[in-house]
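A short write-up of the structure that comes next.
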Amino acid sequence: MLRNNFINNLLNLKDVFVKNIVNGDDFVEFHVETKKKSHVCPSCGSTTSKVHDYRTQKIKDVPIQNKKTFIIL
């Protein structure tokens, strides 16, 4: 838990959970997950916390130690 808070503070990431860090020869990947929260259904207008589908998004960030940096959301 302490490690997760340190990484979130270092990268200025809010409301996410760092699940994994992949440190390759020329890249660093931070695999993060957002916290689940309730949303309003666009079809019926009721509040739900169910997830329709999951999508992985690869976000390019500024280099760290001359390595390409990606956030996998």
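Following the order of the structure tokens, chains are lettered A, B, ..., residues in each are numbered from 1, and ligands are numbered from 1.
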So that I can see what lies close to Glu29 (chain A), please list as an NGL selection string the residues with an atom at most 9 Å from it, counting only C-alpha atoms and leaving out residues fewer than 3 positions away in the same chain.
:A and (20-24 or 68-72)
Residues from last step as file, N, CA, C and O atoms, as a PDB file, in the first residue's frame:
ATOM      1  N   ASN A  20       0.590  -2.993 -11.839  1.00  0.00           N
ATOM      2  CA  ASN A  20       1.835  -3.630 -12.249  1.00  0.00           C
ATOM      3  C   ASN A  20       2.731  -2.597 -12.916  1.00  0.00           C
ATOM      4  O   ASN A  20       2.250  -1.635 -13.508  1.00  0.00           O
ATOM      5  N   ILE A  21       4.034  -2.818 -12.826  1.00  0.00           N
ATOM      6  CA  ILE A  21       5.011  -1.984 -13.511  1.00  0.00           C
ATOM      7  C   ILE A  21       5.922  -2.914 -14.300  1.00  0.00           C
ATOM      8  O   ILE A  21       6.493  -3.847 -13.742  1.00  0.00           O
ATOM      9  N   VAL A  22       6.009  -2.684 -15.617  1.00  0.00           N
ATOM     10  CA  VAL A  22       6.882  -3.470 -16.479  1.00  0.00           C
ATOM     11  C   VAL A  22       8.040  -2.579 -16.877  1.00  0.00           C
ATOM     12  O   VAL A  22       7.847  -1.539 -17.496  1.00  0.00           O
ATOM     13  N   ASN A  23       9.255  -2.991 -16.520  1.00  0.00           N
ATOM     14  CA  ASN A  23      10.454  -2.200 -16.772  1.00  0.00           C
ATOM     15  C   ASN A  23      11.304  -2.935 -17.800  1.00  0.00           C
ATOM     16  O   ASN A  23      12.073  -3.830 -17.470  1.00  0.00           O
ATOM     17  N   GLY A  24      11.155  -2.565 -19.092  1.00  0.00           N
ATOM     18  CA  GLY A  24      11.927  -3.183 -20.165  1.00  0.00           C
ATOM     19  C   GLY A  24      13.235  -2.459 -20.390  1.00  0.00           C
ATOM     20  O   GLY A  24      13.586  -1.519 -19.677  1.00  0.00           O
ATOM     21  N   LYS A  68      11.080   5.146 -23.014  1.00  0.00           N
ATOM     22  CA  LYS A  68       9.703   5.472 -23.380  1.00  0.00           C
ATOM     23  C   LYS A  68       8.797   5.058 -22.231  1.00  0.00           C
ATOM     24  O   LYS A  68       8.978   4.006 -21.633  1.00  0.00           O
ATOM     25  N   THR A  69       7.821   5.885 -21.924  1.00  0.00           N
ATOM     26  CA  THR A  69       6.937   5.627 -20.795  1.00  0.00           C
ATOM     27  C   THR A  69       5.501   5.545 -21.279  1.00  0.00           C
ATOM     28  O   THR A  69       5.045   6.390 -22.043  1.00  0.00           O
ATOM     29  N   PHE A  70       4.802   4.500 -20.840  1.00  0.00           N
ATOM     30  CA  PHE A  70       3.412   4.287 -21.212  1.00  0.00           C
ATOM     31  C   PHE A  70       2.583   4.019 -19.960  1.00  0.00           C
ATOM     32  O   PHE A  70       3.054   3.359 -19.025  1.00  0.00           O
ATOM     33  N   ILE A  71       1.364   4.530 -19.959  1.00  0.00           N
ATOM     34  CA  ILE A  71       0.393   4.207 -18.914  1.00  0.00           C
ATOM     35  C   ILE A  71      -0.678   3.371 -19.588  1.00  0.00           C
ATOM     36  O   ILE A  71      -1.307   3.798 -20.550  1.00  0.00           O
ATOM     37  N   ILE A  72      -0.852   2.149 -19.102  1.00  0.00           N
ATOM     38  CA  ILE A  72      -1.840   1.238 -19.645  1.00  0.00           C
ATOM     39  C   ILE A  72      -3.050   1.318 -18.721  1.00  0.00           C
ATOM     40  O   ILE A  72      -3.000   0.889 -17.570  1.00  0.00           O
TER      41      ILE A  72
END
Going by DSSP on the backbone, which residues of chain A come out as strand (DSSP E or B)? List them as a PDB file with N, CA, C and O atoms, in the first residue's frame.
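Saved the output as result.pdb:
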ATOM      1  N   VAL A  16      -6.568   6.284  -9.185  1.00  0.00           N
ATOM      2  CA  VAL A  16      -6.234   5.043  -9.883  1.00  0.00           C
ATOM      3  C   VAL A  16      -5.439   4.145  -8.950  1.00  0.00           C
ATOM      4  O   VAL A  16      -4.875   4.588  -7.949  1.00  0.00           O
ATOM      5  N   PHE A  17      -5.392   2.859  -9.284  1.00  0.00           N
ATOM      6  CA  PHE A  17      -4.641   1.868  -8.534  1.00  0.00           C
ATOM      7  C   PHE A  17      -3.579   1.298  -9.460  1.00  0.00           C
ATOM      8  O   PHE A  17      -3.901   0.798 -10.542  1.00  0.00           O
ATOM      9  N   VAL A  18      -2.315   1.392  -9.086  1.00  0.00           N
ATOM     10  CA  VAL A  18      -1.221   0.859  -9.894  1.00  0.00           C
ATOM     11  C   VAL A  18      -1.155  -0.645  -9.646  1.00  0.00           C
ATOM     12  O   VAL A  18      -0.872  -1.096  -8.544  1.00  0.00           O
ATOM     13  N   LYS A  19      -1.453  -1.433 -10.692  1.00  0.00           N
ATOM     14  CA  LYS A  19      -1.488  -2.887 -10.571  1.00  0.00           C
ATOM     15  C   LYS A  19      -0.143  -3.534 -10.863  1.00  0.00           C
ATOM     16  O   LYS A  19       0.213  -4.519 -10.242  1.00  0.00           O
ATOM     17  N   ASN A  20       0.590  -2.993 -11.839  1.00  0.00           N
ATOM     18  CA  ASN A  20       1.835  -3.630 -12.249  1.00  0.00           C
ATOM     19  C   ASN A  20       2.731  -2.597 -12.916  1.00  0.00           C
ATOM     20  O   ASN A  20       2.250  -1.635 -13.508  1.00  0.00           O
ATOM     21  N   ILE A  21       4.034  -2.818 -12.826  1.00  0.00           N
ATOM     22  CA  ILE A  21       5.011  -1.984 -13.511  1.00  0.00           C
ATOM     23  C   ILE A  21       5.922  -2.914 -14.300  1.00  0.00           C
ATOM     24  O   ILE A  21       6.493  -3.847 -13.742  1.00  0.00           O
ATOM     25  N   VAL A  22       6.009  -2.684 -15.617  1.00  0.00           N
ATOM     26  CA  VAL A  22       6.882  -3.470 -16.479  1.00  0.00           C
ATOM     27  C   VAL A  22       8.040  -2.579 -16.877  1.00  0.00           C
ATOM     28  O   VAL A  22       7.847  -1.539 -17.496  1.00  0.00           O
ATOM     29  N   ASN A  23       9.255  -2.991 -16.520  1.00  0.00           N
ATOM     30  CA  ASN A  23      10.454  -2.200 -16.772  1.00  0.00           C
ATOM     31  C   ASN A  23      11.304  -2.935 -17.800  1.00  0.00           C
ATOM     32  O   ASN A  23      12.073  -3.830 -17.470  1.00  0.00           O
ATOM     33  N   PHE A  27      11.777   0.787 -22.344  1.00  0.00           N
ATOM     34  CA  PHE A  27      10.447   1.307 -22.016  1.00  0.00           C
ATOM     35  C   PHE A  27      10.068   0.987 -20.575  1.00  0.00           C
ATOM     36  O   PHE A  27      10.641   0.088 -19.954  1.00  0.00           O
ATOM     37  N   VAL A  28       9.110   1.745 -20.063  1.00  0.00           N
ATOM     38  CA  VAL A  28       8.500   1.485 -18.754  1.00  0.00           C
ATOM     39  C   VAL A  28       6.994   1.564 -18.948  1.00  0.00           C
ATOM     40  O   VAL A  28       6.494   2.510 -19.561  1.00  0.00           O
ATOM     41  N   GLU A  29       6.264   0.546 -18.471  1.00  0.00           N
ATOM     42  CA  GLU A  29       4.812   0.535 -18.556  1.00  0.00           C
ATOM     43  C   GLU A  29       4.224   0.496 -17.149  1.00  0.00           C
ATOM     44  O   GLU A  29       4.625  -0.329 -16.331  1.00  0.00           O
ATOM     45  N   PHE A  30       3.299   1.397 -16.890  1.00  0.00           N
ATOM     46  CA  PHE A  30       2.557   1.411 -15.634  1.00  0.00           C
ATOM     47  C   PHE A  30       1.145   0.939 -15.940  1.00  0.00           C
ATOM     48  O   PHE A  30       0.411   1.601 -16.675  1.00  0.00           O
ATOM     49  N   HIS A  31       0.772  -0.216 -15.427  1.00  0.00           N
ATOM     50  CA  HIS A  31      -0.570  -0.756 -15.629  1.00  0.00           C
ATOM     51  C   HIS A  31      -1.436  -0.268 -14.468  1.00  0.00           C
ATOM     52  O   HIS A  31      -1.177  -0.611 -13.311  1.00  0.00           O
ATOM     53  N   VAL A  32      -2.424   0.563 -14.787  1.00  0.00           N
ATOM     54  CA  VAL A  32      -3.271   1.157 -13.752  1.00  0.00           C
ATOM     55  C   VAL A  32      -4.730   0.805 -14.006  1.00  0.00           C
ATOM     56  O   VAL A  32      -5.125   0.453 -15.117  1.00  0.00           O
ATOM     57  N   GLU A  33      -5.505   0.901 -12.951  1.00  0.00           N
ATOM     58  CA  GLU A  33      -6.934   0.600 -13.005  1.00  0.00           C
ATOM     59  C   GLU A  33      -7.677   1.704 -12.269  1.00  0.00           C
ATOM     60  O   GLU A  33      -7.240   2.149 -11.214  1.00  0.00           O
ATOM     61  N   THR A  34      -8.777   2.159 -12.844  1.00  0.00           N
ATOM     62  CA  THR A  34      -9.568   3.184 -12.174  1.00  0.00           C
ATOM     63  C   THR A  34     -10.456   2.541 -11.123  1.00  0.00           C
ATOM     64  O   THR A  34     -10.781   1.355 -11.200  1.00  0.00           O
ATOM     65  N   HIS A  39     -22.584   5.125 -12.206  1.00  0.00           N
ATOM     66  CA  HIS A  39     -22.859   5.993 -13.343  1.00  0.00           C
ATOM     67  C   HIS A  39     -24.338   5.917 -13.671  1.00  0.00           C
ATOM     68  O   HIS A  39     -25.031   4.983 -13.287  1.00  0.00           O
ATOM     69  N   VAL A  40     -24.796   6.891 -14.442  1.00  0.00           N
ATOM     70  CA  VAL A  40     -26.177   6.894 -14.900  1.00  0.00           C
ATOM     71  C   VAL A  40     -26.233   6.193 -16.256  1.00  0.00           C
ATOM     72  O   VAL A  40     -25.460   6.511 -17.166  1.00  0.00           O
ATOM     73  N   THR A  47     -29.306   4.650 -11.987  1.00  0.00           N
ATOM     74  CA  THR A  47     -27.928   4.582 -11.513  1.00  0.00           C
ATOM     75  C   THR A  47     -27.507   3.125 -11.424  1.00  0.00           C
ATOM     76  O   THR A  47     -28.229   2.288 -10.901  1.00  0.00           O
ATOM     77  N   THR A  48     -26.311   2.824 -11.947  1.00  0.00           N
ATOM     78  CA  THR A  48     -25.806   1.457 -11.932  1.00  0.00           C
ATOM     79  C   THR A  48     -24.309   1.463 -11.667  1.00  0.00           C
ATOM     80  O   THR A  48     -23.623   2.444 -11.955  1.00  0.00           O
ATOM     81  N   LYS A  58      -3.701   2.553 -24.156  1.00  0.00           N
ATOM     82  CA  LYS A  58      -2.268   2.782 -23.976  1.00  0.00           C
ATOM     83  C   LYS A  58      -1.995   4.263 -24.178  1.00  0.00           C
ATOM     84  O   LYS A  58      -2.247   4.812 -25.250  1.00  0.00           O
ATOM     85  N   ILE A  59      -1.475   4.912 -23.137  1.00  0.00           N
ATOM     86  CA  ILE A  59      -1.235   6.352 -23.154  1.00  0.00           C
ATOM     87  C   ILE A  59       0.274   6.595 -23.095  1.00  0.00           C
ATOM     88  O   ILE A  59       0.952   6.115 -22.190  1.00  0.00           O
ATOM     89  N   LYS A  60       0.792   7.329 -24.069  1.00  0.00           N
ATOM     90  CA  LYS A  60       2.213   7.657 -24.095  1.00  0.00           C
ATOM     91  C   LYS A  60       2.462   8.840 -23.174  1.00  0.00           C
ATOM     92  O   LYS A  60       1.733   9.826 -23.205  1.00  0.00           O
ATOM     93  N   ASP A  61       3.499   8.741 -22.347  1.00  0.00           N
ATOM     94  CA  ASP A  61       3.833   9.790 -21.397  1.00  0.00           C
ATOM     95  C   ASP A  61       5.257  10.268 -21.665  1.00  0.00           C
ATOM     96  O   ASP A  61       5.938   9.757 -22.552  1.00  0.00           O
ATOM     97  N   VAL A  62       5.707  11.232 -20.888  1.00  0.00           N
ATOM     98  CA  VAL A  62       7.065  11.753 -21.056  1.00  0.00           C
ATOM     99  C   VAL A  62       8.076  10.686 -20.621  1.00  0.00           C
ATOM    100  O   VAL A  62       7.790   9.864 -19.753  1.00  0.00           O
ATOM    101  N   PRO A  63       9.270  10.676 -21.237  1.00  0.00           N
ATOM    102  CA  PRO A  63      10.274   9.657 -20.902  1.00  0.00           C
ATOM    103  C   PRO A  63      10.748   9.751 -19.449  1.00  0.00           C
ATOM    104  O   PRO A  63      10.813  10.829 -18.864  1.00  0.00           O
ATOM    105  N   ILE A  64      11.055   8.597 -18.893  1.00  0.00           N
ATOM    106  CA  ILE A  64      11.658   8.496 -17.559  1.00  0.00           C
ATOM    107  C   ILE A  64      12.992   7.787 -17.739  1.00  0.00           C
ATOM    108  O   ILE A  64      13.047   6.686 -18.283  1.00  0.00           O
ATOM    109  N   LYS A  67      13.844   6.383 -21.127  1.00  0.00           N
ATOM    110  CA  LYS A  67      13.054   5.243 -21.589  1.00  0.00           C
ATOM    111  C   LYS A  67      11.667   5.735 -21.969  1.00  0.00           C
ATOM    112  O   LYS A  67      11.127   6.638 -21.335  1.00  0.00           O
ATOM    113  N   LYS A  68      11.080   5.146 -23.014  1.00  0.00           N
ATOM    114  CA  LYS A  68       9.703   5.472 -23.380  1.00  0.00           C
ATOM    115  C   LYS A  68       8.797   5.058 -22.231  1.00  0.00           C
ATOM    116  O   LYS A  68       8.978   4.006 -21.633  1.00  0.00           O
ATOM    117  N   THR A  69       7.821   5.885 -21.924  1.00  0.00           N
ATOM    118  CA  THR A  69       6.937   5.627 -20.795  1.00  0.00           C
ATOM    119  C   THR A  69       5.501   5.545 -21.279  1.00  0.00           C
ATOM    120  O   THR A  69       5.045   6.390 -22.043  1.00  0.00           O
ATOM    121  N   PHE A  70       4.802   4.500 -20.840  1.00  0.00           N
ATOM    122  CA  PHE A  70       3.412   4.287 -21.212  1.00  0.00           C
ATOM    123  C   PHE A  70       2.583   4.019 -19.960  1.00  0.00           C
ATOM    124  O   PHE A  70       3.054   3.359 -19.025  1.00  0.00           O
ATOM    125  N   ILE A  71       1.364   4.530 -19.959  1.00  0.00           N
ATOM    126  CA  ILE A  71       0.393   4.207 -18.914  1.00  0.00           C
ATOM    127  C   ILE A  71      -0.678   3.371 -19.588  1.00  0.00           C
ATOM    128  O   ILE A  71      -1.307   3.798 -20.550  1.00  0.00           O
ATOM    129  N   ILE A  72      -0.852   2.149 -19.102  1.00  0.00           N
ATOM    130  CA  ILE A  72      -1.840   1.238 -19.645  1.00  0.00           C
ATOM    131  C   ILE A  72      -3.050   1.318 -18.721  1.00  0.00           C
ATOM    132  O   ILE A  72      -3.000   0.889 -17.570  1.00  0.00           O
TER     133      ILE A  72
END
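Atom to atom, CA of Ser43 (chain A) and CA of Asp15 (chain A) stand 26.6 Å apart.
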Within chain A, find each residue whose DSSP state, derived from the backbone, is alpha helix (DSSP H), and express the selection as a PyMOL selection string.
chain A and resi 2-11
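Atom to atom, CA of Cys44 (chain A) and CA of Gln57 (chain A) stand 27.4 Å apart.
For the atom pair formed by CA of Asp26 (chain A) and CA of Asn9 (chain A), the distance is 23.5 Å, given to one decimal.
The closest residue to Lys36 (chain A), picked from A:Leu13, A:Ile7, A:Val51, A:Leu73 and counting only C-alpha atoms, is A:Val51.
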